[in-house]
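Right, one structure below, let's go through it.
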Amino acid sequence: MAHLYIAAAHKSSGKTTLAVGLVAALARRGLIVQPFKKGPDFIDPLWLARAAGQPCYNLDFNTMSGPEIDTLFARASAGADISVIEGNKGLYDGMDVEGSDSNAALAVKLGAPVILVVDTTGITRGIAPLVMGYRVFGPDVHIAGVILNKVAGPRHEGKLREALERYSDVPVLGAIQRDASLLAPERHLGLIPPDEAGEGTARICQLADIVEQNVDLDRVIELAQMALPVRPVIALIEAQRKDIRIAVARDTAFGFYYPDDLEALEACGAELVFFSPLSDPHFPPADGLFLGGGFPETHMAMLAANVSLKQDISIAIACGLPTYAECGGLMYLTNSISWQGEMAAMTGVIDADTVMCDRPQGRGIVRLEETGSSPWGLATGTAFQAHEFHFARLENLIPSTRFAYKVLRGAGLGNGYDGIVQGNLLANFSHLRSTENNTWATRFAAFVRDTK
């Protein structure tokens, strides 16, 4: 099981750009590359998945147990030639001061050699104590090589290599010159997804070219083969016969889904029917609806113009269609979205208005506690972790609104609650992950089946 971990000395080192290029370059060699991303994230995995031609799975200490991480990694990697895990933030960063949820901890857990990406802006000889410090700080972490990023030129590269060769035994696997054209397009939630970035495939090809020309891919593959094996711990549950249909909104406005959550719905007997709120004139025949997150605000004019589909969804939910909506999906179900001085009418299912703000209204790990009002929730008082990242807030929400969750940590809808409950609808800003601690996919599929 060849695999490796792409980490950085600190955030904004160009790690994601390099990871996407590396995955694409490996795939060009005819290798089956399985990408992974540490932590809760939707956008980076979309780029990694496009580069690999394979779904990208998230490995997250905050929502998954150790056995779940091992099992998902082992099963997803089973048919691959090489797996690449992209970290988040810096190698040793995390919420826990002891580092139990850090990239380093995940790399050790998976027995993965680490390739450290270092932003070399404004540094020469100092690269040596930086790299050696990272190596000494985590003696169990196998820092197998370094890729120098944002190098000013050949002279700069020579000084960096000379310092590392003189003072350390960590090999330099490659050096990438500073190039403004390599900067990934961003907006308020981070990177722009590849479907919206404009020639996303061409950009990935450009990154693959850069990696091929400047990174020793043969050595990278050799290092990946030094990884320790990881075996699944949790037994595979036999999939049920498909007897329900769940419509899933998926287009450039709605694309934030964990692939293993969708797979969990399918294993629970759901046939997933994908549709586009941007372009499909009518709602497909379905027993349930899943509206994931995304960027409805950047597409609000097109969403507003698709009146026939909005009416179909509004009528279906009013008639009791089991519906689950997260973040962007919640926003789509309100009366309107206001952003950058413009306002567009949405479905009006939830009697409130969405207002986009200049700063995040909720960001990071959330801890939710069941109130007992959810149509398919866990027992009252049960707590679990999820995550949120939204610049939106709701205004004019009626005071009598019922909520599925108390927010023990995080923002949610504000005032200590999240999860609007309205008939058979549950809509929240928080993004859930279907895990042993919160089997939302299993429970939602069962609710759809019972309602049908």
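By convention here, the chains of the structure tokens are called A, B, ... in the order presented, each chain's residues are numbered starting at 1, and ligands are numbered starting at 1 in the order presented.
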Item to check | DSSP alpha helix (DSSP H) residues within range 127-220 of chain A, listed as a ChimeraX atom specification | outcome: /A:127-137,154-167,200-214,217-220
For the interface of range 137-160 of chain A with range 12-27 of chain A (cut-off 12 Å, counting only C-alpha atoms), please tabulate each contacting residue of range 137-160 of chain A alongside its nearest pair of atoms and their separation in Å to one decimal, rows sorted by chain and increasing number, as a Markdown table.
| residue | atom | partner | partner_atom | distance |
| --- | --- | --- | --- | --- |
| A:Val146 | CA | A:Lys15 | CA | 11.7 |
| A:Ile147 | CA | A:Leu18 | CA | 9.2 |
| A:Leu148 | CA | A:Ser13 | CA | 9.7 |
| A:Asn149 | CA | A:Gly14 | CA | 7.1 |
| A:Lys150 | CA | A:Gly14 | CA | 8.0 |
| A:Val151 | CA | A:Ser13 | CA | 11.5 |
Output file for the residues above (C-alpha atoms, as a short mmCIF file (atom, residue, chain, number, x, y, z; two decimals), in the first residue's frame):
data_model
loop_
_atom_site.label_atom_id
_atom_site.label_comp_id
_atom_site.auth_asym_id
_atom_site.auth_seq_id
_atom_site.Cartn_x
_atom_site.Cartn_y
_atom_site.Cartn_z
CA VAL A 146 11.33 18.55 1.23
CA ILE A 147 9.91 20.44 -1.73
CA LEU A 148 11.07 24.03 -1.86
CA ASN A 149 8.23 26.31 -2.99
CA LYS A 150 8.10 29.93 -4.16
CA VAL A 151 11.84 29.96 -4.90
#
Next on the checklist: List the spatial neighbours of Ala316 in chain A as a list in words - criterion: any atom at most 12 Å away, only C-alpha atoms, same-chain residues fewer than 4 positions off excluded.
Outcome noted: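 Returned residues: Ala247, His282, Phe283, Pro284, Pro285, Ala286, Asp287, Gly288, Leu289, Leu309, Lys310, Gln311, Asp312, Gly320, Leu321, Pro322, Thr323, Thr347, Val349, Gly423, Asn424 and Leu425 of chain A.
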Per-residue nearest contacts of range 36-152 of chain A to range 212-221 of chain A (10 Å; only C-alpha atoms) as a Markdown table:
| residue | atom | partner | partner_atom | distance |
| --- | --- | --- | --- | --- |
| A:Asp81 | CA | A:Ile221 | CA | 9.8 |
| A:Ile82 | CA | A:Ile221 | CA | 8.0 |
| A:Pro113 | CA | A:Val220 | CA | 9.8 |
| A:Ile115 | CA | A:Val220 | CA | 8.5 |
| A:Ala144 | CA | A:Val220 | CA | 9.1 |
| A:Gly145 | CA | A:Val220 | CA | 8.5 |
| A:Ile147 | CA | A:Val215 | CA | 7.7 |
| A:Leu148 | CA | A:Val215 | CA | 9.6 |
Could you save those same residues with C-alpha atoms as a PDB file, in the first residue's frame?
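Writing the result to again34.pdb gives the following:
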ATOM      1  CA  ASP A  81      -1.305   2.173  -6.968  1.00  0.00           C
ATOM      2  CA  ILE A  82      -0.519   5.094  -4.689  1.00  0.00           C
ATOM      3  CA  PRO A 113       6.220   9.283   4.876  1.00  0.00           C
ATOM      4  CA  ILE A 115       6.896  15.402   2.144  1.00  0.00           C
ATOM      5  CA  ALA A 144      11.142  11.839   4.036  1.00  0.00           C
ATOM      6  CA  GLY A 145      11.843  14.844   1.859  1.00  0.00           C
ATOM      7  CA  ILE A 147       9.905  20.437  -1.728  1.00  0.00           C
ATOM      8  CA  LEU A 148      11.065  24.032  -1.863  1.00  0.00           C
TER       9      LEU A 148
END
Next on the checklist: Give me, as a VMD selection string, the residues of range 39-125 of chain A that a backbone DSSP run labels strand (DSSP E or B).
Outcome noted: chain A and resid 57 to 59 82 to 86 114 to 119
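Distances here use only C-alpha atoms; by that measure, the residue among A:Ile313, A:Ile176, A:Leu48, A:Ala235 closest to Phe36 in chain A is A:Leu48.
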Checklist outcome for this item: Here CA of Lys242 in chain A and CA of Gly372 in chain A stand apart by 28.9 Å
Next on the checklist: Taking only C-alpha atoms into account, name the residue in A:Arg245, A:Lys452, A:Thr63, A:Met302 that is nearest to Leu368 in chain A.
Outcome noted: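 Once distances to Leu368 in chain A are computed over only C-alpha atoms, the minimum belongs to A:Thr63.
One finds CA of Thr334 in chain A at 4.6 Å from CA of Ile350 in chain A.
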Checklist entry - What's the 12 Å shell around Gly126 in chain A, counting only C-alpha atoms, without same-chain residues fewer than 3 positions away, as an MDAnalysis selection string? => result chainID A and resid 118:123 129:133 159:164 167:168
Checklist entry - Which residue gives the smallest distance to Asn415 in chain A among A:Ala128, A:Glu263, A:Leu394, A:Asn58, with only C-alpha atoms counted? => result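 Distance minimum relative to Asn415 in chain A lands on A:Leu394.
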Do you know which residues are at most 8 Å from Pro259 in chain A counting only C-alpha atoms, after dropping those on the same chain fewer than 5 positions away, and could you put them as a CSV table (one decimal) with N, CA and C atoms, in the first residue's frame?
chain,number,residue,atom,x,y,z
A,55,PRO,N,-12.8,9.8,-6.5
A,55,PRO,CA,-13.3,10.6,-5.4
A,55,PRO,C,-12.2,10.9,-4.3
A,56,CYS,N,-12.2,12.0,-3.7
A,56,CYS,CA,-11.3,12.3,-2.6
A,56,CYS,C,-12.0,12.2,-1.3
A,57,TYR,N,-11.5,11.5,-0.3
A,57,TYR,CA,-12.1,11.2,1.0
A,57,TYR,C,-11.4,12.1,2.1
